[in-house]
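Notes for the one structure printed next.
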Amino acid sequence: MDPETALGLVKHGATLLLLDVPQYTLVGIDTQMFSVGPAFKGIKMIPPGPHFVYYSSSNREGSEFSPVIGFFVDLSPSEVVVRKWDQQEERLVKLSEDEEERYSQAVKSLEFDRELGPYTLGQYGNWKRLSNYISKNAVERIEPIGGEITVASESEIVGNIPITSAEKALAEQLRNYKFSRSVKNPQRKGCYYTPIPRVIKQKGIHGQDLTCLNLDKTQLLENILMKDYGGCDDLILGELQFAFIAFLMGQSLEAFFQWKSLVSLFLGCTEAFIKVLYYQLKYGFQKEQTDTEGAEKGALRLLDESWLSADSFLHHLCKDFFLLVLEATVIDGDLLSWTRKFKELLEHTLGWEFQQKSAVDGMYCEEDDEYAPVVVMSDG
């Protein structure tokens with residue numbers, strides 16, 4: 001890149017100024033991660049729009065790490081966001097408006113230019129595909145009080161929600177994976193995710209009709225869209241992307257369960273949001289991530305072998321979804337094309353097979369299958 005082009009990107013791109021961050025701290029933005037060196041002061045040349053910033057403090061040797069803390073920002077051209085490291089709390093904190101303005105002018109005068117690492121624009125395409133439905137409005141609807149997302153404040157969720165063996169392994173991994181310290185006295189509430197019922201229960205409807213409603217959740221999705229999202233498809237897709245990013249990059253277990261609930265809802269509908277899910281899993285299942293400055297890959301590769309096994313909720317849901325779409329007599333061409341691409345991604349990347357094992361009364365299921373079709377028995 002020639003100097004004139006680089007200078008233009010520096011001036012028009014946003015900047016994340018991070019002061020006094022200790023060496024070896026892991027700092028990430030979107031799909032990129034840095035291991036902090038002695039001269040690190042932040043990241044420049046950031047494209048405008050929504051971004052996810054996350055970090056994990058280290059011991060002096062750089063061998064043990066605390067729980068990841070992350071937050072979303074919506075950046076304007078040439079905007080400067082300033083955070084300073086609080087040594088006692090081991091986290092980034094905001095400055096007063098006067099201090100932030102002073103540092104912002106210093107950044108725009110290029111006083112910190114040599115100490116700012118460039119945003120890797122070659123990875124921006126991946127981020128856009130993962131976040132293209134995340135708007136400022138979507139973030140403000142969901143983010144917790146104070147904006148910080150961390151599994152260290154989710155002890156009740158970790159203890160109560162896991163169902164399958166894969167999810168229990170994931171919960172244990174999130175609690176113990178290089179977490180040498182915990183956040184003391186967490187005060188913030190969790191994210192304001194939309195409640196998604198797993199089973200539809202409705203008075204005045206006979207058992208057979210209830211079974212149909214639970215087999216095809218299109219009506220449930222339409223009701224949730226109107227009630228909670230004002231009929232805006234982009235908002236629910238934004239929440240799906242928010243939850244996936246907060247889980248994969250921010251290591252939030254609460255986010256994982258919300259992503260799971262939304263995926264379960266979408267794959268229970270004949271009109272699935274398959275394209276968004278395809279790009280999420282295409283990125284999330286990459287075995288090798290190219291991380292900046294040789295930073296440790298583990299913070300982005302939480303999906304261990306147990307989570308990706310045939311015991312996972314996703315395998316069961318996808319199996320039923322593929323059967324529904326691929327054997328339909330009439331199907332939308334784009335949905336069919338993306339379903340085939342999605343199926344090939346899972347087969348080639350994870351080696352999953354989607355053959356049904358048994359058939360009873362025309363419906364396929366397996367023993368002890370939490371995700372088998374819900375059959376509602378009538379009281380009469």
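Labels used: A, B, ... for chains in the order of the structure tokens, numbers from 1 for residues in each chain, and numbers from 1 for ligands as shown.
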
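Note that DSSP on the backbone gives alpha helix (DSSP H) to these residues of range 34-141 of chain A: A:Glu97, A:Asp98, A:Glu99, A:Glu100, A:Glu101, A:Arg102, A:Tyr103, A:Ser104, A:Gln105, A:Ala106, A:Val107, A:Lys108, A:Tyr124, A:Gly125, A:Asn126, A:Trp127, A:Lys128, A:Arg129, A:Leu130, A:Ser131, A:Lys136, A:Asn137, A:Ala138, A:Val139, A:Glu140, A:Arg141.
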
With N, CA, C and O atoms retained, write the just-selected residues as a compact mmCIF listing (two decimals), in the first residue's frame.
# COMPACT_ATOMS: atom_id res chain seq x y z
N GLU A 97 -15.27 13.05 29.44
CA GLU A 97 -15.42 13.64 28.11
C GLU A 97 -14.24 14.53 27.76
O GLU A 97 -13.77 14.53 26.61
N ASP A 98 -13.74 15.30 28.72
CA ASP A 98 -12.60 16.19 28.45
C ASP A 98 -11.35 15.40 28.10
O ASP A 98 -10.63 15.75 27.16
N GLU A 99 -11.08 14.34 28.89
CA GLU A 99 -9.91 13.52 28.61
C GLU A 99 -10.03 12.82 27.26
O GLU A 99 -9.06 12.76 26.48
N GLU A 100 -11.22 12.30 26.97
CA GLU A 100 -11.42 11.61 25.70
C GLU A 100 -11.22 12.56 24.52
O GLU A 100 -10.62 12.20 23.51
N GLU A 101 -11.71 13.77 24.65
CA GLU A 101 -11.54 14.76 23.58
C GLU A 101 -10.06 15.10 23.38
O GLU A 101 -9.59 15.25 22.24
N ARG A 102 -9.33 15.23 24.48
CA ARG A 102 -7.90 15.54 24.38
C ARG A 102 -7.14 14.43 23.67
O ARG A 102 -6.32 14.68 22.78
N TYR A 103 -7.41 13.19 24.05
CA TYR A 103 -6.74 12.06 23.39
C TYR A 103 -7.20 11.92 21.94
O TYR A 103 -6.41 11.55 21.06
N SER A 104 -8.46 12.22 21.68
CA SER A 104 -8.98 12.13 20.32
C SER A 104 -8.25 13.09 19.40
O SER A 104 -7.89 12.74 18.26
N GLN A 105 -8.01 14.31 19.85
CA GLN A 105 -7.27 15.28 19.04
C GLN A 105 -5.83 14.84 18.82
O GLN A 105 -5.26 15.05 17.74
N ALA A 106 -5.24 14.20 19.84
CA ALA A 106 -3.88 13.70 19.69
C ALA A 106 -3.80 12.60 18.64
O ALA A 106 -2.85 12.53 17.85
N VAL A 107 -4.81 11.73 18.61
CA VAL A 107 -4.85 10.67 17.61
C VAL A 107 -4.99 11.27 16.21
O VAL A 107 -4.29 10.87 15.27
N LYS A 108 -5.87 12.24 16.06
CA LYS A 108 -6.09 12.87 14.76
C LYS A 108 -4.88 13.67 14.30
O LYS A 108 -4.69 13.90 13.09
N TYR A 124 -11.88 -8.08 6.66
CA TYR A 124 -13.13 -7.33 6.87
C TYR A 124 -14.32 -8.00 6.20
O TYR A 124 -15.44 -7.92 6.71
N GLY A 125 -14.10 -8.68 5.07
CA GLY A 125 -15.19 -9.36 4.39
C GLY A 125 -15.83 -10.42 5.26
O GLY A 125 -17.06 -10.57 5.29
N ASN A 126 -15.01 -11.19 5.99
CA ASN A 126 -15.54 -12.18 6.93
C ASN A 126 -16.43 -11.52 7.97
O ASN A 126 -17.51 -12.01 8.30
N TRP A 127 -15.95 -10.41 8.52
CA TRP A 127 -16.71 -9.72 9.56
C TRP A 127 -18.04 -9.20 9.01
O TRP A 127 -19.08 -9.30 9.67
N LYS A 128 -18.03 -8.64 7.81
CA LYS A 128 -19.27 -8.11 7.24
C LYS A 128 -20.31 -9.20 7.07
O LYS A 128 -21.50 -8.98 7.32
N ARG A 129 -19.88 -10.38 6.65
CA ARG A 129 -20.84 -11.48 6.47
C ARG A 129 -21.40 -11.96 7.82
O ARG A 129 -22.52 -12.47 7.89
N LEU A 130 -20.60 -11.82 8.88
CA LEU A 130 -21.06 -12.24 10.21
C LEU A 130 -21.92 -11.19 10.89
O LEU A 130 -22.64 -11.50 11.85
N SER A 131 -21.86 -9.94 10.42
CA SER A 131 -22.49 -8.85 11.18
C SER A 131 -23.37 -7.92 10.33
O SER A 131 -23.74 -6.85 10.81
N LYS A 136 -27.00 -0.30 15.00
CA LYS A 136 -26.89 0.38 16.28
C LYS A 136 -28.14 0.13 17.12
O LYS A 136 -28.06 -0.10 18.33
N ASN A 137 -29.29 0.14 16.48
CA ASN A 137 -30.55 -0.12 17.17
C ASN A 137 -30.59 -1.53 17.75
O ASN A 137 -31.02 -1.74 18.90
N ALA A 138 -30.11 -2.52 16.98
CA ALA A 138 -30.10 -3.90 17.46
C ALA A 138 -29.20 -4.06 18.68
O ALA A 138 -29.55 -4.74 19.66
N VAL A 139 -28.04 -3.41 18.65
CA VAL A 139 -27.10 -3.49 19.78
C VAL A 139 -27.71 -2.85 21.02
O VAL A 139 -27.65 -3.42 22.13
N GLU A 140 -28.31 -1.69 20.86
CA GLU A 140 -28.91 -0.99 22.01
C GLU A 140 -30.06 -1.77 22.62
O GLU A 140 -30.32 -1.68 23.82
N ARG A 141 -30.78 -2.55 21.81
CA ARG A 141 -31.89 -3.36 22.32
C ARG A 141 -31.40 -4.51 23.18
O ARG A 141 -32.07 -4.93 24.12

(message) So that I can see what lies close to Ala255 in chain A, please list as a PyMOL selection string the residues with an atom at most 9 Å from it, counting only C-alpha atoms and leaving out residues fewer than 6 positions away in the same chain.
(response) chain A and resi 191+193+242-248

Could you write out that same residue set with N, CA and C atoms as a PDB file, in the first residue's frame?
ATOM      1  N   CYS A 191     -27.587  -9.853  28.992  1.00  0.00           N
ATOM      2  CA  CYS A 191     -28.117  -9.220  27.785  1.00  0.00           C
ATOM      3  C   CYS A 191     -29.650  -9.339  27.758  1.00  0.00           C
ATOM      4  N   TYR A 193     -31.936 -10.461  25.709  1.00  0.00           N
ATOM      5  CA  TYR A 193     -32.327 -11.295  24.582  1.00  0.00           C
ATOM      6  C   TYR A 193     -33.844 -11.530  24.588  1.00  0.00           C
ATOM      7  N   PHE A 242     -25.706 -11.143  16.699  1.00  0.00           N
ATOM      8  CA  PHE A 242     -25.201 -10.627  17.975  1.00  0.00           C
ATOM      9  C   PHE A 242     -24.858 -11.787  18.909  1.00  0.00           C
ATOM     10  N   ALA A 243     -25.786 -12.726  19.055  1.00  0.00           N
ATOM     11  CA  ALA A 243     -25.585 -13.855  19.971  1.00  0.00           C
ATOM     12  C   ALA A 243     -24.414 -14.725  19.521  1.00  0.00           C
ATOM     13  N   PHE A 244     -24.301 -14.975  18.213  1.00  0.00           N
ATOM     14  CA  PHE A 244     -23.210 -15.810  17.711  1.00  0.00           C
ATOM     15  C   PHE A 244     -21.852 -15.163  17.976  1.00  0.00           C
ATOM     16  N   ILE A 245     -21.742 -13.872  17.724  1.00  0.00           N
ATOM     17  CA  ILE A 245     -20.483 -13.156  17.935  1.00  0.00           C
ATOM     18  C   ILE A 245     -20.139 -13.086  19.420  1.00  0.00           C
ATOM     19  N   ALA A 246     -21.135 -12.784  20.257  1.00  0.00           N
ATOM     20  CA  ALA A 246     -20.898 -12.719  21.699  1.00  0.00           C
ATOM     21  C   ALA A 246     -20.467 -14.070  22.251  1.00  0.00           C
ATOM     22  N   PHE A 247     -20.953 -15.157  21.640  1.00  0.00           N
ATOM     23  CA  PHE A 247     -20.533 -16.502  22.058  1.00  0.00           C
ATOM     24  C   PHE A 247     -19.152 -16.838  21.529  1.00  0.00           C
ATOM     25  N   LEU A 248     -18.953 -16.725  20.223  1.00  0.00           N
ATOM     26  CA  LEU A 248     -17.715 -17.202  19.619  1.00  0.00           C
ATOM     27  C   LEU A 248     -16.521 -16.345  20.006  1.00  0.00           C
TER      28      LEU A 248
END

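Nearest to Ile29 in chain A of all the residues A:Glu239, A:Glu4, A:Glu115, A:Gly250 is A:Gly250, counting only C-alpha atoms.
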
(request) Go through A:Trp85, A:Gly117, A:Gly230, A:Leu16 one by one, measure the shortest atom-to-atom distance of each to Ser35 in chain A using only C-alpha atoms, and give the residue with the smallest value. (result) A:Gly117
